[in-house]
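One structure is given here, and the rest of the page talks about it.
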Amino acid sequence: MEKKIAKILTERGLTISTAESCTGGLLSSKLTDVSGSSAFVTLNVVTYANEAKHKILGVSLETLNTKGAVSEECALEMAEGLYKLTGSDICVSTTGIAGPTGGSEEKPVGLMYSAIYTKDKHQVYKILLSPNIDRVIMKEKFAEAVLNNIYTFLAFV
């Protein structure tokens, strides 16, 4: 999927950046696995801690304290903050619970929110996987889902 995304970005002269939490840089790694990715990848950050989400991406303390890091609001603020930081055409965020510990009834292991932000449009996605998936595989499935969302989003931009 990353090669298809790279082709679209290159053909359209677009740039992309990522702000990752639960995927821990895996999304960035997949995008930069494509030869020539320096032409379209601007900046990728892993903001695992809430403090990093706030200080680097400008996620509001109110959002973090009331909605939590694993929320639609946080995902969107991460992507928007990345856009303000980088000016990339497409900014993507991930935040979720890869497990095997953590989670709650409201926010179980396997829940991830991802946002795609551009100057004209933004979209938040909710992904819910089985909590019984191994952590490493969970991260891989999260990253794959986000790549699919990026590809679909680009088809309509």
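Simple scheme: letters A, B, ... for chains in structure tokens order, numbers from 1 for residues in each chain, numbers from 1 for ligands in the order shown.
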For Thr47 in chain A, list every protein, DNA or RNA residue within 10 Å, evaluated using only C-alpha atoms, and leave out those in the same chain fewer than 2 positions away; present the list as a list in words.
Ala19, Glu20, Ser21, Cys22, Gly24, Gly25, Asn44, Val45, Ala49, Asn50, Glu51, Ala52, Lys53, His54, Lys55, Ile56, Leu57, Met78, Ser93, Thr94 and Thr95 of chain A
Using the chain letters and numbers from this document, which residues of chain A does DSSP assign to strand (DSSP E), as a ChimeraX atom specification?
/A:16-20,41-46,90-96,111-117,122-128
Selected residues, N, CA and C atoms, written as a JSON list (two decimals), in the first residue's frame, please.
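Dumped everything to out_18.json:
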[["chain", "number", "residue", "atom", "x", "y", "z"],
["A", 16, "ILE", "N", 3.83, 14.58, 3.03],
["A", 16, "ILE", "CA", 3.12, 13.92, 4.12],
["A", 16, "ILE", "C", 4.00, 13.92, 5.36],
["A", 17, "SER", "N", 3.36, 14.00, 6.52],
["A", 17, "SER", "CA", 4.04, 13.88, 7.81],
["A", 17, "SER", "C", 3.17, 13.03, 8.72],
["A", 18, "THR", "N", 3.81, 12.39, 9.71],
["A", 18, "THR", "CA", 3.07, 11.56, 10.66],
["A", 18, "THR", "C", 3.40, 11.94, 12.09],
["A", 19, "ALA", "N", 2.40, 11.84, 12.94],
["A", 19, "ALA", "CA", 2.56, 11.98, 14.39],
["A", 19, "ALA", "C", 1.97, 10.71, 14.98],
["A", 20, "GLU", "N", 2.84, 9.88, 15.52],
["A", 20, "GLU", "CA", 2.40, 8.57, 15.98],
["A", 20, "GLU", "C", 2.52, 8.42, 17.48],
["A", 41, "VAL", "N", 8.10, 12.78, 2.14],
["A", 41, "VAL", "CA", 8.00, 12.71, 3.60],
["A", 41, "VAL", "C", 8.72, 13.92, 4.18],
["A", 42, "THR", "N", 7.98, 14.73, 4.95],
["A", 42, "THR", "CA", 8.55, 15.96, 5.51],
["A", 42, "THR", "C", 9.13, 15.74, 6.89],
["A", 43, "LEU", "N", 8.29, 15.28, 7.82],
["A", 43, "LEU", "CA", 8.71, 15.10, 9.21],
["A", 43, "LEU", "C", 7.80, 14.08, 9.86],
["A", 44, "ASN", "N", 8.41, 13.16, 10.61],
["A", 44, "ASN", "CA", 7.63, 12.17, 11.35],
["A", 44, "ASN", "C", 8.08, 12.21, 12.80],
["A", 45, "VAL", "N", 7.12, 12.19, 13.72],
["A", 45, "VAL", "CA", 7.43, 12.21, 15.14],
["A", 45, "VAL", "C", 6.65, 11.12, 15.86],
["A", 46, "VAL", "N", 7.26, 10.60, 16.93],
["A", 46, "VAL", "CA", 6.56, 9.69, 17.82],
["A", 46, "VAL", "C", 6.33, 10.45, 19.12],
["A", 90, "ILE", "N", -0.38, 16.70, 3.79],
["A", 90, "ILE", "CA", -1.19, 15.69, 4.47],
["A", 90, "ILE", "C", -0.50, 15.35, 5.78],
["A", 91, "CYS", "N", -1.24, 15.46, 6.88],
["A", 91, "CYS", "CA", -0.72, 15.12, 8.20],
["A", 91, "CYS", "C", -1.58, 14.03, 8.80],
["A", 92, "VAL", "N", -0.92, 13.01, 9.31],
["A", 92, "VAL", "CA", -1.60, 11.82, 9.80],
["A", 92, "VAL", "C", -1.19, 11.55, 11.24],
["A", 93, "SER", "N", -2.16, 11.20, 12.08],
["A", 93, "SER", "CA", -1.86, 10.87, 13.47],
["A", 93, "SER", "C", -2.41, 9.50, 13.83],
["A", 94, "THR", "N", -1.81, 8.89, 14.85],
["A", 94, "THR", "CA", -2.31, 7.64, 15.42],
["A", 94, "THR", "C", -2.24, 7.72, 16.93],
["A", 95, "THR", "N", -3.28, 7.25, 17.60],
["A", 95, "THR", "CA", -3.28, 7.16, 19.06],
["A", 95, "THR", "C", -4.22, 6.04, 19.47],
["A", 96, "GLY", "N", -3.74, 5.15, 20.32],
["A", 96, "GLY", "CA", -4.57, 4.01, 20.68],
["A", 96, "GLY", "C", -3.96, 3.17, 21.76],
["A", 111, "LEU", "N", -8.23, -0.53, 20.48],
["A", 111, "LEU", "CA", -8.88, 0.69, 19.99],
["A", 111, "LEU", "C", -7.82, 1.68, 19.53],
["A", 112, "MET", "N", -8.01, 2.23, 18.35],
["A", 112, "MET", "CA", -7.12, 3.26, 17.84],
["A", 112, "MET", "C", -7.94, 4.30, 17.11],
["A", 113, "TYR", "N", -7.53, 5.56, 17.28],
["A", 113, "TYR", "CA", -8.06, 6.65, 16.48],
["A", 113, "TYR", "C", -6.92, 7.17, 15.62],
["A", 114, "SER", "N", -7.26, 7.50, 14.41],
["A", 114, "SER", "CA", -6.29, 8.07, 13.48],
["A", 114, "SER", "C", -6.97, 9.25, 12.79],
["A", 115, "ALA", "N", -6.19, 10.28, 12.52],
["A", 115, "ALA", "CA", -6.75, 11.44, 11.81],
["A", 115, "ALA", "C", -5.87, 11.77, 10.62],
["A", 116, "ILE", "N", -6.52, 12.26, 9.58],
["A", 116, "ILE", "CA", -5.82, 12.80, 8.42],
["A", 116, "ILE", "C", -6.27, 14.25, 8.31],
["A", 117, "TYR", "N", -5.30, 15.14, 8.22],
["A", 117, "TYR", "CA", -5.58, 16.58, 8.22],
["A", 117, "TYR", "C", -4.91, 17.24, 7.02],
["A", 122, "HIS", "N", -10.46, 17.33, 6.82],
["A", 122, "HIS", "CA", -9.90, 16.41, 7.80],
["A", 122, "HIS", "C", -10.90, 15.29, 8.07],
["A", 123, "GLN", "N", -10.34, 14.18, 8.49],
["A", 123, "GLN", "CA", -11.16, 13.00, 8.73],
["A", 123, "GLN", "C", -10.56, 12.23, 9.91],
["A", 124, "VAL", "N", -11.42, 11.78, 10.82],
["A", 124, "VAL", "CA", -10.99, 10.95, 11.93],
["A", 124, "VAL", "C", -11.54, 9.55, 11.72],
["A", 125, "TYR", "N", -10.71, 8.56, 11.99],
["A", 125, "TYR", "CA", -11.08, 7.16, 11.81],
["A", 125, "TYR", "C", -10.98, 6.44, 13.15],
["A", 126, "LYS", "N", -11.91, 5.54, 13.39],
["A", 126, "LYS", "CA", -11.87, 4.69, 14.57],
["A", 126, "LYS", "C", -11.62, 3.27, 14.10],
["A", 127, "ILE", "N", -10.63, 2.65, 14.70],
["A", 127, "ILE", "CA", -10.29, 1.28, 14.35],
["A", 127, "ILE", "C", -10.37, 0.46, 15.63],
["A", 128, "LEU", "N", -11.06, -0.65, 15.59],
["A", 128, "LEU", "CA", -11.20, -1.52, 16.75],
["A", 128, "LEU", "C", -10.85, -2.94, 16.34]]
Excluding Lys30 in chain A and any residue of its chain fewer than 3 positions from it, enumerate the residues within 9 Å of it, using only C-alpha atoms, and give them as a list of chain:residue names.
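In the requested form, the answer reads A:Glu2, A:Gly25, A:Leu26, A:Leu27, A:Asp33, A:Val34, A:Ala143, A:Leu147.
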Let me see the file: selected residues, C-alpha atoms, as a CSV table (one decimal), in the first residue's frame.
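The result, written out as out_7.csv:
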chain,number,residue,atom,x,y,z
A,2,GLU,CA,2.8,2.4,0.8
A,25,GLY,CA,7.0,4.9,14.3
A,26,LEU,CA,5.9,1.9,12.3
A,27,LEU,CA,3.7,4.0,10.0
A,33,ASP,CA,10.6,2.1,3.1
A,34,VAL,CA,9.8,3.4,-0.4
A,143,ALA,CA,-0.4,0.8,10.6
A,147,LEU,CA,-2.2,3.2,5.2
For Thr63 in chain A, list every protein, DNA or RNA residue within 12 Å, evaluated using only C-alpha atoms, and leave out those in the same chain fewer than 5 positions away; present the list as an MDAnalysis selection string.
chainID A and resid 50 53:54 58 68:78
Test item: residues at most 8 Å from range 149-156 of chain A, only C-alpha atoms, excluding those fewer than 4 positions along its chain, as a PDB file with C-alpha atoms, in the first residue's frame:
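Dumped to result.pdb:
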ATOM      1  CA  MET A   1       0.000   0.000   0.000  1.00  0.00           C
ATOM      2  CA  LYS A   4       0.638   3.158  -4.106  1.00  0.00           C
ATOM      3  CA  ILE A   5       0.575   6.093  -1.674  1.00  0.00           C
ATOM      4  CA  ILE A   8       0.063   9.346  -5.728  1.00  0.00           C
ATOM      5  CA  ILE A 116      -5.822  12.802   8.417  1.00  0.00           C
ATOM      6  CA  ALA A 145      -5.349   0.206   8.485  1.00  0.00           C
TER       7      ALA A 145
END
Residue set, range 28-142 of chain A restricted to alpha helix (DSSP H), as a ChimeraX atom specification:
/A:28-32,50-57,61-66,72-86,135-142
Using only C-alpha atoms, please write the residues we just selected to a file, as a PDB file, in the first residue's frame.
ATOM      1  CA  SER A  28       6.689   6.336   9.343  1.00  0.00           C
ATOM      2  CA  SER A  29       8.903   3.333   8.712  1.00  0.00           C
ATOM      3  CA  LYS A  30       6.505   1.940   6.135  1.00  0.00           C
ATOM      4  CA  LEU A  31       6.241   5.261   4.296  1.00  0.00           C
ATOM      5  CA  THR A  32      10.022   5.659   4.245  1.00  0.00           C
ATOM      6  CA  ASN A  50       0.887  12.996  26.744  1.00  0.00           C
ATOM      7  CA  GLU A  51       3.502  15.640  27.540  1.00  0.00           C
ATOM      8  CA  ALA A  52       4.961  15.222  24.041  1.00  0.00           C
ATOM      9  CA  LYS A  53       1.514  15.409  22.452  1.00  0.00           C
ATOM     10  CA  HIS A  54       0.975  18.692  24.289  1.00  0.00           C
ATOM     11  CA  LYS A  55       4.431  20.285  23.934  1.00  0.00           C
ATOM     12  CA  ILE A  56       5.268  19.229  20.376  1.00  0.00           C
ATOM     13  CA  LEU A  57       1.855  19.031  18.716  1.00  0.00           C
ATOM     14  CA  LEU A  61      -4.426  19.832  28.220  1.00  0.00           C
ATOM     15  CA  GLU A  62      -8.214  20.038  28.402  1.00  0.00           C
ATOM     16  CA  THR A  63      -8.521  17.390  25.681  1.00  0.00           C
ATOM     17  CA  LEU A  64      -5.938  15.160  27.340  1.00  0.00           C
ATOM     18  CA  ASN A  65      -7.551  15.541  30.768  1.00  0.00           C
ATOM     19  CA  THR A  66     -11.199  15.230  29.749  1.00  0.00           C
ATOM     20  CA  GLU A  72     -11.133  11.336  18.329  1.00  0.00           C
ATOM     21  CA  GLU A  73     -10.376  14.791  19.677  1.00  0.00           C
ATOM     22  CA  CYS A  74      -6.772  13.961  20.517  1.00  0.00           C
ATOM     23  CA  ALA A  75      -6.162  12.308  17.143  1.00  0.00           C
ATOM     24  CA  LEU A  76      -7.498  15.361  15.332  1.00  0.00           C
ATOM     25  CA  GLU A  77      -5.519  17.810  17.475  1.00  0.00           C
ATOM     26  CA  MET A  78      -2.367  15.766  16.890  1.00  0.00           C
ATOM     27  CA  ALA A  79      -2.826  15.912  13.114  1.00  0.00           C
ATOM     28  CA  GLU A  80      -3.745  19.591  13.155  1.00  0.00           C
ATOM     29  CA  GLY A  81      -0.759  20.403  15.367  1.00  0.00           C
ATOM     30  CA  LEU A  82       1.503  18.511  13.005  1.00  0.00           C
ATOM     31  CA  TYR A  83       0.088  20.517  10.114  1.00  0.00           C
ATOM     32  CA  LYS A  84       0.905  23.756  11.938  1.00  0.00           C
ATOM     33  CA  LEU A  85       4.396  22.451  12.721  1.00  0.00           C
ATOM     34  CA  THR A  86       5.290  21.150   9.265  1.00  0.00           C
ATOM     35  CA  ARG A 135       1.064  -6.292  20.639  1.00  0.00           C
ATOM     36  CA  VAL A 136       3.525  -6.398  17.724  1.00  0.00           C
ATOM     37  CA  ILE A 137       0.860  -7.718  15.366  1.00  0.00           C
ATOM     38  CA  MET A 138      -1.616  -5.149  16.739  1.00  0.00           C
ATOM     39  CA  LYS A 139       0.758  -2.314  15.821  1.00  0.00           C
ATOM     40  CA  GLU A 140       1.229  -3.805  12.365  1.00  0.00           C
ATOM     41  CA  LYS A 141      -2.535  -4.060  11.815  1.00  0.00           C
ATOM     42  CA  PHE A 142      -3.017  -0.484  13.060  1.00  0.00           C
TER      43      PHE A 142
END
Please identify all polymer residues within 9 Å of Thr10 in chain A, counting only C-alpha atoms, omitting same-chain residues fewer than 6 positions from it, and present them as a PyMOL selection string.
chain A and resi 37+39-40
Could you write those residues out with N, CA and C atoms, as a PDB file, in the first residue's frame?
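File selection39.pdb, as written:
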ATOM      1  N   SER A  37      11.455   8.353  -0.916  1.00  0.00           N
ATOM      2  CA  SER A  37      10.454   8.929  -0.006  1.00  0.00           C
ATOM      3  C   SER A  37      10.862  10.292   0.545  1.00  0.00           C
ATOM      4  N   ALA A  39      11.405  12.737  -1.050  1.00  0.00           N
ATOM      5  CA  ALA A  39      10.738  13.738  -1.891  1.00  0.00           C
ATOM      6  C   ALA A  39       9.348  14.096  -1.372  1.00  0.00           C
ATOM      7  N   PHE A  40       8.747  13.221  -0.557  1.00  0.00           N
ATOM      8  CA  PHE A  40       7.384  13.506  -0.092  1.00  0.00           C
ATOM      9  C   PHE A  40       7.191  13.403   1.417  1.00  0.00           C
TER      10      PHE A  40
END
Interatomic distance between CA of Ile133 in chain A and CA of Pro100 in chain A?
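We find that CA of Ile133 in chain A and CA of Pro100 in chain A lie 8.0 Å from each other.
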